[in-house]
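Here is the structure we will look at, set down as structure tokens.
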Amino acid sequence: MAQTLGQQRYKCALAAMQTVHAIHRAIPILHSGSGCASKLDDSFGNSGYISSQLYPCTNVSEKEIVFGGKDRLEDLIRNSLNIMDGDFFVVLSGCTTEIIGDDIEEVAASFQDAKKPVIAVNTPGFKGNNYMSHDWVLSAIFQRLVEPAQIKQKGLVNILSGPPYQDPFWEGNLRALERLVASLGLTPNTIFGYNHGIEQIKQMGRAELTILVSPWAGYESAKLLEEQFGVPLLHYPNLPIGAYESSKFLQTVGAFAKLDSEAVLSVTKAREAEYYYYIERFAPVFLELRIMSKRFAVVSDAQYSTAITRFLVNDMGMFPAKIYICDDTPEQYRQPVRDAVNELGYGVTAEVEFNTDGYAIHDEIEQLDFSGTPIIIGSTWEKFLATKLEGHFLHISYPIEDKLIINDTYVGYDGGLNLIGDLYSAGLQRNVVQ
Amino acid sequence: MAINLELSELSIRENRLGSVTGWSGDLKGICRGVSQGCLKNYERTFSQAGLCPNGCAAGMLCSIRDVAVILHGPAGCSNIGSGANIVGRQAALRINKTYQAVVYGDDMNENDTIFGGIDSLKELAEKVIETRHPKALFLVNSCASAVIGEDIDSLVTELQEEYDIPIGNVNCEGFKSRVWFTGVDAMDHAVLRTLVKEPKEKRDVINFINFFESERTNLSELFQRLGVGIQFLYLNSSVEEIEHIAEARATVAVCSTLGTYLGHALEQKYGVPFLKTINPMGMQGFEAWFMGIASILGREAEAQEIIDQEKEQYLSKINEMKKKTQGLKAVLAMGAGFSYEMARVLQELGIEILWMSSGHLDQRQDGDNIPPAIEFLGAHSPNNFGTNVSDNQNFEILNIIHEQKPDIFFSRHPGFTVWATKLNIPAVYVGDEYLAFGYKGTLALARMIDDAITNRSFAEHLSAYTKLPYTDWWFEQKHTAMYKEA
């Protein structure tokens with residue numbers, strides 16, 4: 001047993017089908033059981049173009065388990081190329097086909113001359129979770145599709161972040177990161193969401209740098225761009241929320257891209273001025289809402305635990321009661337993640353616990369001292385807890401069962417305003433409800 | 001084939017009920033095949049992701065308010081808790097109860113697939129019982145744990161010696177059956193073996209098998225007039241309530257495809273009669289179903305009175321709406337039971353069925369009878385029409401819609417409605433099993449149909465901005481082009 005999963009917050013490796021799904025006109029082909037896709041696709045919203053019910057899938061039955069499923073997969077790929085209108089296909093294996101030893105790479109290789117690229121990645125559920133497999137899938141796609149380029153395009157910057165769909169805000173976040181990077185005069189290149197697909201992947205090799213905005217997920221594939229395609233990597237572990245962290249992000253990017261520091265400063269100054277204008281307008285609410293306390297707990301993945309903690313502490317003057325990270329962060333990344341969460345000013349520190357048993361986490365939060373109304377930030381699981389504790393709650397990470405997130409984002413200067421607006425609205429609504 | 005509750009494994013629908021998942025022809029052909037029990041099953045050389053019986057069984061188990069469920073498998077298989085939790089909570093609120101079920105996964109990793117994970121599953125089970133105090137515990141297997149041959153049966157025996165609460169297991173790996181509903185049977189099987197007690201007395205209660213009980217309040221009032229209370233299964237039920245279901249006067253189901261296993265098992269083992277009529281959708285369905293229950297309970301006079309009142313209240317309004325629905329041409333794609341039931345209801349509204357697609361098809365029910373809705377439609381349909389067994393294959397259904405060009409499309413597979421909408425065809429999602437319940441529901445359905453064909457803004461806008469992910473080549477093929485001999 002890897003972990004006790006109580007109140008589950010991540011999925012198995014095959015859920016990297018969602019990483020493929022987020023690339024416009026990329027089609028996952030599953031060599032797996034018939035129910036895998038439906039179990040793994042449990043959040044609202046699909047790519048629009050397709051949905052998981054349309055993924056070509058061998059729907060493995062007892063027959064394939066006994067006699068092998070390679071022939072069935074070969075038929076499926078051949079017919080997928082005729083029936084599905086996609087730009088490229090990614091074959092993903094499930095548990096059973098992996099255990100019985102079907103070689104999906106060999107089958108995919110037989111389609112080397114097909115009219116569309118067919119890529120294979122082993123993603124059996126037991127091999128890891130979807131934060132990890134996101135990286136495996138991207139690495140395989142990059143290896144096959146990114147075009148090597150000796151001459152780089154001036155100002156072109158690849159931006160990568162955490163796993164799409166696993167991060168419910170993925171699309172809004174990417175667009176916000178693009179706006180931030182573009183504000184420095186750079187040209188962002190991202191590969192997920194509306195009209196972002198194979199062309200954006202191909203040109204990644206021409207970029208002058210890659211920015212990976214993620215504590216750990218996606219590191220291997222971003223590093224691969226550096227090692228195989230000569231695109232230097234800026235690994236930035238914090239998703240920037242609000243003025244303080246957004247300016248810090250822009251300055252780090254500016255320095256890495258060797259931009260004129262005065263020019264960067266003039267951008268951040270202007271954005272900060274606008275940001276604090278809005279803060280100033282609503283500051284009395286932030287200062288005087290009687291039932292809003294200063295202490296918060298986060299139950300989320302490494303990405304949002306870091307981002308939320310740094311924003312609320314470094315920008316809003318709040319304090320972490322305790323931070324729970326539930327993404328089964330690999331051992332080698334745990335200390336760096338603790339450090340990233342703790343990049344806090346004024347001597348404030350955050351106690352960080354890695355745990356995947358939500359029931360046990362909730363028992364503990366019930367005993368925490370919030371010195372006032374608890375603020376609990378996480379998934380729908382935490383909404384139930386916040387209701388029980390009569391606390392304030394904000395949706396931030398998977399699973400979100402009771403809210404639609406279309407292109408919302410908390411990233412950047414405007415994102416920070418959105419977050420603080422939503423958090424204090426939770427407080428105001430409580431006044432209304434109670 | 002009689003139900004055997006002695007074994008921990010159940011017999012799958014393909015073997016018990018002659019279920020098929022691939023077939024195409026027409027209504028007459030399917031009725032002929034079913035009557036002889038020899039409908040041929042086809043496989044496909046192209047298929048799209050569907051559902052699995054494991055998800056079905058595990059998901060439904062989580063709807064019991066006070067159980068613990070542990071899924072022995074990788075983190076994808078156990079990813080069922082949050083959806084079940086919110087539905088469970090919302091349902092429980094309606095009856096002033098709390099939903100306390102807990103769902104765990106053991107995050108099976110590569111090491112477990114080599115050396116086995118039974119020991120750690122045992123540890124987790126002990127921890128869950130001791131810290132969460134569930135009223136019963138169920139261990140559910142998965143494809144991975146089944147392939148490596150984990151012996152959960154023995155673990156259950158071992159745990160049962162240690163603890164007082166009922167402990168059971170569901171052996172229903174995802175690849176066990178092509179038919180999603182085998183998962184319902186697997187859950188029923190586990191519940192019957194683990195929870196249901198020998199009856200001590202007869203109680204004035206009927207077991208009511210449904211999905212989401214949206215008509216709970218109305219049904220409770222309706223059946224009060226027949227002198228019985230209702231035990232809804234399984235959403236919102238408790239372990240203690242389920243223990244007593246063998247004491248009920250009868251078992252009824254909102255959909256006999258859903259209720260066949262539990263209903264027939266209770267009948268076979270404990271003599272609780274299981275109602276075998278068409279379902280209560282539409283007017284004919286409601287009368288046959290309600291009078292059927294009344295006759296088991298010996299309350300025909302009261303039932304007739306209720307039916308007359310319903311008619312009095314709604315029939316003229318339905319006939320008024322029927323002027324708008326009359327003559328519409330429809331394609332529908334639903335489950336094995338609902339497609340046949342809904343086709344009948346649409347015909348009551350004067351709608352012509354161009355094509356009917358069912359997810360799978362059971363040739364028999366567990367009482368060895370032909371499913372009543374198939375028999376009824378075969379005998380009463382005003383026209384013969386095309387029908388296929390689609391295994392919920394979107395490419396096949398879209399090909400049919402594209403060819404048939406209906407005025408309206410009806411769907412009951414989650415995620416399917418949008419694809420007809422993208423073809424600018426008004427689509428109605430029949431997600432609520434009570435949508436067309438009785439006279440009142442028939443009127444509601446008629447209104448919904450009228451709404452869909454009247455205000456077409458959503459479909460027109462969406463279809464103008466979207467392209468289907470299928471090639472033109474596919475739409476030039478027959479929808480059976482990917483069939484192959486099984």
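In the structure tokens, each chain is lettered A, B, ... as it comes, each chain's residues begin at 1, and ligands are numbered from 1 in order of appearance.
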
Chain B near chain A within 6 Å: what's each residue's closest atom pair and its distance in Å to one decimal, counting only C-alpha atoms, ordered by chain then ascending residue number, as JSON lines?
```
{"residue": "B:Thr45", "atom": "CA", "partner": "A:Asp75", "partner_atom": "CA", "distance": 5.8}
{"residue": "B:Phe46", "atom": "CA", "partner": "A:Leu76", "partner_atom": "CA", "distance": 5.0}
{"residue": "B:Ser47", "atom": "CA", "partner": "A:Pro56", "partner_atom": "CA", "distance": 5.7}
{"residue": "B:Gln48", "atom": "CA", "partner": "A:Pro56", "partner_atom": "CA", "distance": 4.2}
{"residue": "B:Ala49", "atom": "CA", "partner": "A:Cys57", "partner_atom": "CA", "distance": 4.9}
{"residue": "B:Gly50", "atom": "CA", "partner": "A:Ser34", "partner_atom": "CA", "distance": 5.0}
{"residue": "B:Leu51", "atom": "CA", "partner": "A:Gly35", "partner_atom": "CA", "distance": 3.9}
{"residue": "B:Cys52", "atom": "CA", "partner": "A:Gly35", "partner_atom": "CA", "distance": 4.0}
{"residue": "B:Pro74", "atom": "CA", "partner": "A:Phe126", "partner_atom": "CA", "distance": 5.1}
{"residue": "B:Ala75", "atom": "CA", "partner": "A:Cys12", "partner_atom": "CA", "distance": 4.6}
{"residue": "B:Gly76", "atom": "CA", "partner": "A:Cys12", "partner_atom": "CA", "distance": 4.5}
{"residue": "B:Tyr104", "atom": "CA", "partner": "A:Gly6", "partner_atom": "CA", "distance": 4.8}
{"residue": "B:Gly105", "atom": "CA", "partner": "A:Leu5", "partner_atom": "CA", "distance": 4.9}
{"residue": "B:Asp106", "atom": "CA", "partner": "A:Thr4", "partner_atom": "CA", "distance": 5.2}
{"residue": "B:Asp107", "atom": "CA", "partner": "A:Ala2", "partner_atom": "CA", "distance": 5.3}
{"residue": "B:Met108", "atom": "CA", "partner": "A:Met1", "partner_atom": "CA", "distance": 5.1}
{"residue": "B:Asn109", "atom": "CA", "partner": "A:Phe126", "partner_atom": "CA", "distance": 4.3}
{"residue": "B:Glu110", "atom": "CA", "partner": "A:Phe126", "partner_atom": "CA", "distance": 5.3}
{"residue": "B:Ser120", "atom": "CA", "partner": "A:Met1", "partner_atom": "CA", "distance": 6.0}
{"residue": "B:Ala144", "atom": "CA", "partner": "A:Cys95", "partner_atom": "CA", "distance": 5.9}
{"residue": "B:Phe175", "atom": "CA", "partner": "A:Ser61", "partner_atom": "CA", "distance": 4.6}
{"residue": "B:Pro469", "atom": "CA", "partner": "A:Asp85", "partner_atom": "CA", "distance": 5.1}
{"residue": "B:Tyr470", "atom": "CA", "partner": "A:Met84", "partner_atom": "CA", "distance": 4.6}
{"residue": "B:Thr471", "atom": "CA", "partner": "A:Asp85", "partner_atom": "CA", "distance": 5.1}
{"residue": "B:Trp474", "atom": "CA", "partner": "A:Ile83", "partner_atom": "CA", "distance": 5.3}
```

Legend entry - DSSP alpha helix (DSSP H) residues within stretch 117-308 of chain A, listed as a VMD selection string: chain A and resid 130 to 145 170 to 182 198 to 202 219 to 229 242 to 256 261 to 288 302 to 308

Inset, instruction - For B:Phe385, list every protein, DNA or RNA residue within 10 Å, evaluated using only C-alpha atoms, and leave out those in the same chain fewer than 4 positions away; present the list as an MDAnalysis selection string. - result: chainID B and resid 25:29 352:356 381

Using only C-alpha atoms, which protein or nucleic acid residues come within 12 Å of A:Gly347? Drop anything in the same chain fewer than 4 positions from it, and give the result as a CSV table (one decimal) with N, CA, C and O atoms, in the first residue's frame.
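Saved as result_14.csv:
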```
chain,number,residue,atom,x,y,z
A,313,VAL,N,0.0,35.4,3.7
A,313,VAL,CA,1.0,35.8,4.7
A,313,VAL,C,1.7,37.1,4.2
A,313,VAL,O,1.8,38.1,4.8
A,314,ASN,N,2.3,37.0,3.0
A,314,ASN,CA,3.1,38.0,2.5
A,314,ASN,C,2.4,39.3,1.9
A,314,ASN,O,3.0,40.3,1.8
A,317,GLY,N,-1.1,39.8,5.4
A,317,GLY,CA,-0.9,39.9,6.9
A,317,GLY,C,-1.5,38.8,7.7
A,317,GLY,O,-1.8,39.0,8.9
A,319,PHE,N,-1.9,34.5,9.1
A,319,PHE,CA,-1.0,33.5,9.7
A,319,PHE,C,-1.4,32.1,9.4
A,319,PHE,O,-2.6,31.8,9.5
A,342,ASN,N,7.6,28.2,3.2
A,342,ASN,CA,8.1,29.0,4.3
A,342,ASN,C,8.9,30.2,3.8
A,342,ASN,O,9.6,30.9,4.6
A,343,GLU,N,8.8,30.6,2.5
A,343,GLU,CA,9.4,31.9,2.1
A,343,GLU,C,8.4,33.0,2.6
A,343,GLU,O,7.7,33.6,1.8
```

Legend entry - Distance criterion (only C-alpha atoms): nearest to B:Tyr314 out of B:Leu222, B:Ile397, B:Leu443, B:Cys31: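 That would be B:Leu443, the residue with the smallest distance to B:Tyr314.
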
Legend entry - Selection: 7 Å around stretch 414-424 of chain A, only C-alpha atoms, excl. self and same-chain fewer than 5 positions, as a ChimeraX atom specification: /A:241-242,394,409

Inset, instruction - Once DSSP has gone over the backbone, tell me which residues of stretch 265-401 of chain B are in strand (DSSP E or B), as a VMD selection string. - result: chain B and resid 274 281 329 to 334 352 to 358 361 386 to 389

Take the residues from that selection and write them out as a short mmCIF file (atom, residue, chain, number, x, y, z; two decimals), in the first residue's frame, keeping N, CA and C atoms.
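Contents of out38.cif, freshly written:
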```cif
data_model
loop_
_atom_site.label_atom_id
_atom_site.label_comp_id
_atom_site.auth_asym_id
_atom_site.auth_seq_id
_atom_site.Cartn_x
_atom_site.Cartn_y
_atom_site.Cartn_z
N PHE B 274 -41.76 -9.90 -6.10
CA PHE B 274 -41.11 -8.83 -6.88
C PHE B 274 -42.03 -8.48 -8.04
N MET B 281 -43.25 4.82 -15.83
CA MET B 281 -43.14 5.98 -16.70
C MET B 281 -44.35 6.02 -17.62
N LYS B 329 -40.49 13.53 -34.78
CA LYS B 329 -39.73 12.31 -35.04
C LYS B 329 -38.51 12.29 -34.13
N ALA B 330 -38.34 11.17 -33.43
CA ALA B 330 -37.31 11.14 -32.38
C ALA B 330 -36.33 9.99 -32.52
N VAL B 331 -35.10 10.24 -32.05
CA VAL B 331 -34.11 9.18 -31.81
C VAL B 331 -33.87 9.18 -30.31
N LEU B 332 -33.77 8.00 -29.71
CA LEU B 332 -33.43 7.98 -28.30
C LEU B 332 -32.33 6.98 -28.01
N ALA B 333 -31.50 7.33 -27.03
CA ALA B 333 -30.38 6.47 -26.62
C ALA B 333 -30.36 6.40 -25.11
N MET B 334 -30.71 5.25 -24.58
CA MET B 334 -30.80 5.10 -23.12
C MET B 334 -30.33 3.71 -22.72
N GLU B 352 -43.17 9.93 -33.11
CA GLU B 352 -42.75 8.77 -33.89
C GLU B 352 -41.29 8.44 -33.59
N ILE B 353 -41.03 7.18 -33.25
CA ILE B 353 -39.65 6.77 -32.99
C ILE B 353 -39.00 6.40 -34.32
N LEU B 354 -37.92 7.10 -34.65
CA LEU B 354 -37.16 6.75 -35.85
C LEU B 354 -36.13 5.67 -35.54
N TRP B 355 -35.51 5.84 -34.36
CA TRP B 355 -34.44 4.90 -33.98
C TRP B 355 -34.33 4.87 -32.47
N MET B 356 -34.09 3.68 -31.95
CA MET B 356 -33.90 3.54 -30.51
C MET B 356 -32.61 2.77 -30.25
N SER B 357 -31.78 3.37 -29.41
CA SER B 357 -30.50 2.77 -29.12
C SER B 357 -30.49 2.40 -27.64
N SER B 358 -30.16 1.16 -27.32
CA SER B 358 -30.06 0.83 -25.89
C SER B 358 -28.63 0.46 -25.55
N LEU B 361 -28.51 -4.99 -23.65
CA LEU B 361 -29.86 -5.58 -23.70
C LEU B 361 -29.85 -6.90 -22.94
N GLY B 386 -35.89 1.18 -36.43
CA GLY B 386 -34.53 0.69 -36.28
C GLY B 386 -34.09 0.72 -34.82
N THR B 387 -33.30 -0.25 -34.44
CA THR B 387 -32.79 -0.24 -33.07
C THR B 387 -31.43 -0.94 -33.03
N ASN B 388 -30.60 -0.47 -32.14
CA ASN B 388 -29.31 -1.14 -31.97
C ASN B 388 -28.97 -1.21 -30.49
N VAL B 389 -28.04 -2.08 -30.18
CA VAL B 389 -27.50 -2.16 -28.82
C VAL B 389 -26.11 -1.54 -28.90
#
```

Legend entry - Selection: 10 Å around B:Glu213, only C-alpha atoms, excl. self and same-chain fewer than 2 positions, as a list in words: Ala91, Phe208, Ile209, Asn210, Phe211, Glu215, Arg216, Thr217, Leu219, Phe232, Leu233, Tyr234, Leu235, Asn236, Val254, Asp432, Glu433 and Tyr434 of chain B

Legend entry - Among listed residues A:Ala283, A:Ala255, A:Leu233, A:Val337, nearest A:Phe354 (using only C-alpha atoms):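 Result for the nearest residue to A:Phe354: A:Val337.
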
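The spacing separating atom CA of A:Pro188 from atom CA of A:Ser397 amounts to 25.0 Å.
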
Can you check which parts of stretch 283-400 of chain B lie within 9 Å of stretch 415-424 of chain B? Per residue, the shortest pair of atoms and distance in Å to one decimal, counting only C-alpha atoms, sorted by chain and number, as JSON lines.
```
{"residue": "B:Ala333", "atom": "CA", "partner": "B:Phe416", "partner_atom": "CA", "distance": 8.8}
{"residue": "B:Asn392", "atom": "CA", "partner": "B:Phe416", "partner_atom": "CA", "distance": 9.0}
{"residue": "B:Asn394", "atom": "CA", "partner": "B:Phe416", "partner_atom": "CA", "distance": 7.4}
{"residue": "B:Leu398", "atom": "CA", "partner": "B:Ala420", "partner_atom": "CA", "distance": 7.3}
```

Inset, instruction - Just the residues within 7 Å of A:Gly391, please, counting only C-alpha atoms, with nothing from its chain fewer than 3 positions along; format it as JSON, numbers by chain. - result: {"A": [373, 374, 375, 376, 386, 387]}

Just to be explicit: take each residue in the selection above, keep N, CA and C atoms, and write the result as a tab-separated table (two decimals), in the first residue's frame.
```tsv
chain	number	residue	atom	x	y	z
A	373	THR	N	-12.71	32.72	14.09
A	373	THR	CA	-13.38	31.87	13.11
A	373	THR	C	-12.35	31.21	12.19
A	374	PRO	N	-12.39	29.89	12.08
A	374	PRO	CA	-11.40	29.23	11.22
A	374	PRO	C	-11.57	29.62	9.75
A	375	ILE	N	-10.46	29.81	9.07
A	375	ILE	CA	-10.47	29.96	7.61
A	375	ILE	C	-9.86	28.67	7.06
A	376	ILE	N	-10.63	27.94	6.26
A	376	ILE	CA	-10.14	26.66	5.75
A	376	ILE	C	-10.20	26.69	4.23
A	386	ALA	N	-15.53	23.00	7.08
A	386	ALA	CA	-15.74	24.41	7.43
A	386	ALA	C	-17.18	24.62	7.89
A	387	THR	N	-18.10	23.96	7.23
A	387	THR	CA	-19.51	24.08	7.63
A	387	THR	C	-19.68	23.57	9.07
```

Legend entry - Two-atom distance - atom CA of B:Glu14, atom CA of B:Asn41 (Å):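 According to the coordinates, atom CA of B:Glu14 and atom CA of B:Asn41 are separated by 9.9 Å.
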